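Before any comments, here is the structure.
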Amino acid sequence: MTERLLRSVIEPRNPKLNVSRNANLPHSPGIRVGSYIFLSGMGPVDPVTGGRNLGPIAEQVRQTLRNIAHMLESAGSGLDRIVKMIVVLADATDYDEMNRVWREFFPIDPPTRTACALQLSNGNGVEIECIALAGESPS
Amino acid sequence: MLEVIPAPVPGLDLHREYGHHQSPAIRAGGLIFCSGMVAINPETGEREHGTVTSEARRIFENLNLLLESAHSSLDRIVQVHAMIYHRIEYDVLNRVYRQYVPNTPPARTVMSVQIEAGFKVMLEVIAAAETRQAAAMTHARQVIDRCSSDADGSRHSDLPLSPAIRAGDFVFLSGMAAIDPATGEPAGATVAAETRQILTNMGELLKAAGSSLAKVVKVNVLIYSMLEYENMNSVYREFFPVDPPARTVCGAGLIGSHKVEIECIALA
């Protein structure tokens, strides 16, 4: 028995966070296929202005994770359904500070994660992407 | 079930052409995991270095061949890691990229990394297969606990991450560095030794998650310098003797003093 596998685009409820549409970039905010949601790499975009929130790295990580939560919740999933994350830092020395914020958002059973340091643009200190299970969050 | 997608044309068999220990793509759990692709002539296997635009075109054309041979297509791509040699070419990449995914483009992360052989672009892709086995297992999200009784020292970190999570049809692993399971301390001084330690630990971790190295579908290798590619590859091939997983290798800044970091997705 096989079923046809659907592929659909995921968009944030808050249009200010739809970076690819606002800047006419060739990616979707996220794609759902089968049981999974794949989100594009996200940065510290301010949900009110749509501009960048380039404060201290802790605030950048916090803002980015809040945006990821919004994106997942817009698709009926949530932070507690993330299975895999990739964190790109512009500066490897921000690693400890990133971890500190990470614990605020994922106090128990955190997702799997790979971190590395790469060149980022627009002054972003961090960029984060994730794979999550689709479906309602239990909480 | 895990199925190797063979090279649709001879030149795209990078195992034969360049000794890369990887399958062109693996189909499993309704997804198609492709190895990182660079600009290769599909008939001759020759590397076609060019501009970001010409390399990206060649890659998309090859990707089209590969995905169609697996009954998928460019418009079924789910996620892309678009790797470029320098962030300054971001706009150049976007211009050519959008021509190949004009409608509902995939989720994407653009990364500036060191790419093999001096290429300027590499695309690493996950696509949706046409159909999915209705009888496939679907696990709820289950963390493979670092505190469980069989967890060794390599999993005892105080970092806010889980070593592995089983969810849906797959097991997802965090990026692993070379840690001695007996002491919990960094192990191995060379790329070869680190690779061996990581893949040994990875085998144990997958076993604890009810999977195994033989069920790995996709591997990402981060290495501090691509000049050490062969030192990694020579050890790597011992661990995947037949039908190796799809794989992407790139040079990137690693956290800490490690030279290699490896992550993977396996069938549950």
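Residues are named by chain letter and number: chains run A, B, ... in the order of the structure tokens, numbers start at 1 in each chain, and ligands are numbered from 1 in the order shown.
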DSSP alpha helix (DSSP H) selection over region 14-64 of chain B, as an mmCIF file with N, CA and C atoms, in the first residue's frame:
data_model
loop_
_atom_site.group_PDB
_atom_site.id
_atom_site.type_symbol
_atom_site.label_atom_id
_atom_site.label_comp_id
_atom_site.auth_asym_id
_atom_site.auth_seq_id
_atom_site.Cartn_x
_atom_site.Cartn_y
_atom_site.Cartn_z
ATOM 1 N N LEU B 14 30.114 9.694 -8.511
ATOM 2 C CA LEU B 14 31.318 10.312 -7.939
ATOM 3 C C LEU B 14 32.155 9.307 -7.146
ATOM 4 N N HIS B 15 31.561 8.193 -6.827
ATOM 5 C CA HIS B 15 32.330 7.126 -6.184
ATOM 6 C C HIS B 15 33.325 6.577 -7.191
ATOM 7 N N ARG B 16 32.838 6.330 -8.403
ATOM 8 C CA ARG B 16 33.720 5.798 -9.441
ATOM 9 C C ARG B 16 34.703 6.870 -9.930
ATOM 10 N N GLU B 17 34.195 8.095 -10.139
ATOM 11 C CA GLU B 17 35.027 9.144 -10.740
ATOM 12 C C GLU B 17 36.094 9.672 -9.788
ATOM 13 N N TYR B 18 35.705 9.847 -8.508
ATOM 14 C CA TYR B 18 36.612 10.558 -7.598
ATOM 15 C C TYR B 18 36.829 9.843 -6.268
ATOM 16 N N VAL B 52 29.528 31.184 -10.322
ATOM 17 C CA VAL B 52 28.424 30.721 -9.481
ATOM 18 C C VAL B 52 27.224 30.372 -10.374
ATOM 19 N N THR B 53 26.981 31.209 -11.376
ATOM 20 C CA THR B 53 25.839 30.985 -12.271
ATOM 21 C C THR B 53 25.999 29.701 -13.073
ATOM 22 N N SER B 54 27.161 29.518 -13.709
ATOM 23 C CA SER B 54 27.321 28.328 -14.562
ATOM 24 C C SER B 54 27.352 27.058 -13.722
ATOM 25 N N GLU B 55 27.968 27.116 -12.555
ATOM 26 C CA GLU B 55 28.004 25.920 -11.700
ATOM 27 C C GLU B 55 26.606 25.575 -11.187
ATOM 28 N N ALA B 56 25.854 26.595 -10.778
ATOM 29 C CA ALA B 56 24.504 26.335 -10.258
ATOM 30 C C ALA B 56 23.610 25.742 -11.347
ATOM 31 N N ARG B 57 23.745 26.251 -12.581
ATOM 32 C CA ARG B 57 22.960 25.699 -13.699
ATOM 33 C C ARG B 57 23.248 24.220 -13.896
ATOM 34 N N ARG B 58 24.533 23.900 -13.941
ATOM 35 C CA ARG B 58 24.936 22.513 -14.168
ATOM 36 C C ARG B 58 24.409 21.615 -13.045
ATOM 37 N N ILE B 59 24.484 22.113 -11.817
ATOM 38 C CA ILE B 59 24.020 21.317 -10.684
ATOM 39 C C ILE B 59 22.517 21.060 -10.786
ATOM 40 N N PHE B 60 21.755 22.095 -11.099
ATOM 41 C CA PHE B 60 20.301 21.911 -11.204
ATOM 42 C C PHE B 60 19.949 20.941 -12.344
ATOM 43 N N GLU B 61 20.697 21.026 -13.461
ATOM 44 C CA GLU B 61 20.431 20.097 -14.571
ATOM 45 C C GLU B 61 20.721 18.662 -14.136
ATOM 46 N N ASN B 62 21.815 18.473 -13.407
ATOM 47 C CA ASN B 62 22.142 17.129 -12.919
ATOM 48 C C ASN B 62 21.140 16.649 -11.871
ATOM 49 N N LEU B 63 20.738 17.591 -11.031
ATOM 50 C CA LEU B 63 19.769 17.259 -9.991
ATOM 51 C C LEU B 63 18.451 16.817 -10.620
ATOM 52 N N ASN B 64 18.092 17.485 -11.717
ATOM 53 C CA ASN B 64 16.887 17.127 -12.447
ATOM 54 C C ASN B 64 16.979 15.691 -12.975
#
Counting only C-alpha atoms, what are the residues of chain A within 7 Å of chain B, and for each of them which pair of atoms is the nearest and at what distance in Å, to one decimal? Sort the table by chain and rising number, as a Markdown table.
| residue | atom | partner | partner_atom | distance |
| --- | --- | --- | --- | --- |
| A:Met1 | CA | B:Ala134 | CA | 5.6 |
| A:Thr2 | CA | B:Gln133 | CA | 4.5 |
| A:Glu3 | CA | B:Arg132 | CA | 5.4 |
| A:Arg4 | CA | B:Thr131 | CA | 4.4 |
| A:Leu5 | CA | B:Thr131 | CA | 5.0 |
| A:Val9 | CA | B:Thr104 | CA | 6.6 |
| A:Pro26 | CA | B:Arg98 | CA | 5.2 |
| A:His27 | CA | B:Pro105 | CA | 4.9 |
| A:Ser28 | CA | B:Ala107 | CA | 5.1 |
| A:Pro29 | CA | B:Ala107 | CA | 6.0 |
| A:Gly30 | CA | B:Ala107 | CA | 5.0 |
| A:Ile31 | CA | B:Ala107 | CA | 5.9 |
| A:Val33 | CA | B:Ala128 | CA | 6.9 |
| A:Ser35 | CA | B:Gly168 | CA | 6.4 |
| A:Phe38 | CA | B:Ala107 | CA | 6.4 |
| A:Leu39 | CA | B:Ala107 | CA | 5.7 |
| A:Ser40 | CA | B:Ala107 | CA | 4.5 |
| A:Gly41 | CA | B:Thr109 | CA | 4.6 |
| A:Arg81 | CA | B:Arg141 | CA | 6.9 |
| A:Val83 | CA | B:Ile165 | CA | 6.2 |
| A:Lys84 | CA | B:Phe172 | CA | 6.5 |
| A:Ala92 | CA | B:Ile255 | CA | 6.0 |
| A:Asn99 | CA | B:Pro160 | CA | 6.6 |
| A:Trp102 | CA | B:Pro160 | CA | 6.5 |
| A:Arg103 | CA | B:Pro160 | CA | 5.8 |
| A:Asp109 | CA | B:Val143 | CA | 6.3 |
| A:Pro110 | CA | B:Leu161 | CA | 4.9 |
| A:Pro111 | CA | B:Ser162 | CA | 5.6 |
| A:Thr112 | CA | B:Ser174 | CA | 4.5 |
| A:Arg113 | CA | B:Ser174 | CA | 4.6 |
| A:Thr114 | CA | B:Gly175 | CA | 4.5 |
| A:Cys116 | CA | B:Leu254 | CA | 5.1 |
| A:Ala117 | CA | B:Gly253 | CA | 4.7 |
| A:Leu118 | CA | B:Gly253 | CA | 6.1 |
| A:Gln119 | CA | B:Ser112 | CA | 6.1 |
| A:Ser121 | CA | B:Arg87 | CA | 6.8 |
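Counting only C-alpha atoms, the residue from A:Leu120, A:Ile108, A:Met98, A:Ala134 that sits nearest to Gly76 (chain A) is A:Ala134.
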**Prompt:** Taking only C-alpha atoms into account, which of B:Lys259, B:Arg27, B:His21, B:His49 comes nearest Glu194 (chain B)?
**Reply:**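 That would be B:Lys259, the residue with the smallest distance to Glu194 (chain B).
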**Request:** Mind checking which residues fall within 10 Å of region 230-247 of chain B, counting only C-alpha atoms, ignoring those fewer than 2 positions away in the same chain, and posting them as a VMD selection string?
**Result:** chain B and resid 2 to 6 15 19 to 27 32 to 37 124 190 to 196 198 to 200 203 213 to 221 223 226 to 228 249 260 264 to 266
**All residues 9 Å or closer to region 58-64 of chain A, only C-alpha atoms, same chain fewer than 2 positions away omitted, as a ChimeraX atom specification** = /A:42-47,53-56,66-69,94,97-98,100-102,104-105,124-128
Output C-alpha atoms of each residue in that selection to a file, as a short mmCIF file (atom, residue, chain, number, x, y, z; two decimals), in the first residue's frame.
data_model
loop_
_atom_site.label_atom_id
_atom_site.label_comp_id
_atom_site.auth_asym_id
_atom_site.auth_seq_id
_atom_site.Cartn_x
_atom_site.Cartn_y
_atom_site.Cartn_z
CA MET A 42 16.02 32.14 10.03
CA GLY A 43 17.62 35.19 11.58
CA PRO A 44 16.74 37.80 14.21
CA VAL A 45 13.94 39.59 12.35
CA ASP A 46 11.85 42.00 14.39
CA PRO A 47 8.20 40.83 14.24
CA ASN A 53 17.13 43.03 15.51
CA LEU A 54 20.91 43.25 15.70
CA GLY A 55 21.39 43.65 19.43
CA PRO A 56 23.57 41.51 21.69
CA ARG A 66 10.78 33.13 19.04
CA ASN A 67 10.39 33.54 15.28
CA ILE A 68 10.89 29.80 14.79
CA ALA A 69 8.23 29.14 17.43
CA ASP A 94 29.35 33.31 20.96
CA GLU A 97 26.05 32.65 25.16
CA MET A 98 23.98 30.83 22.53
CA ARG A 100 22.62 29.91 27.71
CA VAL A 101 19.64 31.13 25.71
CA TRP A 102 19.06 27.65 24.32
CA GLU A 104 15.66 28.96 28.32
CA PHE A 105 13.79 27.65 25.29
CA ASN A 124 23.42 38.71 11.54
CA GLY A 125 25.17 37.06 14.47
CA VAL A 126 23.14 33.88 14.19
CA GLU A 127 21.04 31.90 11.75
CA ILE A 128 19.03 28.81 12.71
#
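Among the candidates B:Ser225, B:Gly210, B:Ile84, B:Ala182, the one nearest to Leu267 (chain B) when counting only C-alpha atoms is B:Gly210.
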**Prompt:** Using only C-alpha atoms, which of the listed residues (A:Val19, A:Val48, A:Ile10, A:Ala132) sits closest to Ala75 (chain A)?
**Reply:**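 Under the stated criterion, the closest residue is A:Ile10.
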**Neighbour list for Pro42 (chain B) as a list of chain:residue names, cut-off 8 Å, only C-alpha atoms, skip fewer than 2 positions in-chain** = B:Val9, B:Pro10, B:Gly11, B:Leu12, B:Ile40, B:Thr44, B:Gly45, B:Glu46, B:Asn62
With C-alpha atoms retained, write the just-selected residues as a PDB file, in the first residue's frame.
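File written: part-v4.pdb
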ATOM      1  CA  VAL B   9      24.317   8.802 -16.130  1.00  0.00           C
ATOM      2  CA  PRO B  10      27.900   7.547 -15.756  1.00  0.00           C
ATOM      3  CA  GLY B  11      29.517  10.913 -14.980  1.00  0.00           C
ATOM      4  CA  LEU B  12      27.423  11.446 -11.864  1.00  0.00           C
ATOM      5  CA  ILE B  40      30.121  17.750 -12.950  1.00  0.00           C
ATOM      6  CA  THR B  44      32.373  12.498 -18.849  1.00  0.00           C
ATOM      7  CA  GLY B  45      32.434  13.060 -15.082  1.00  0.00           C
ATOM      8  CA  GLU B  46      34.777  15.993 -15.548  1.00  0.00           C
ATOM      9  CA  ASN B  62      22.142  17.129 -12.919  1.00  0.00           C
TER      10      ASN B  62
END
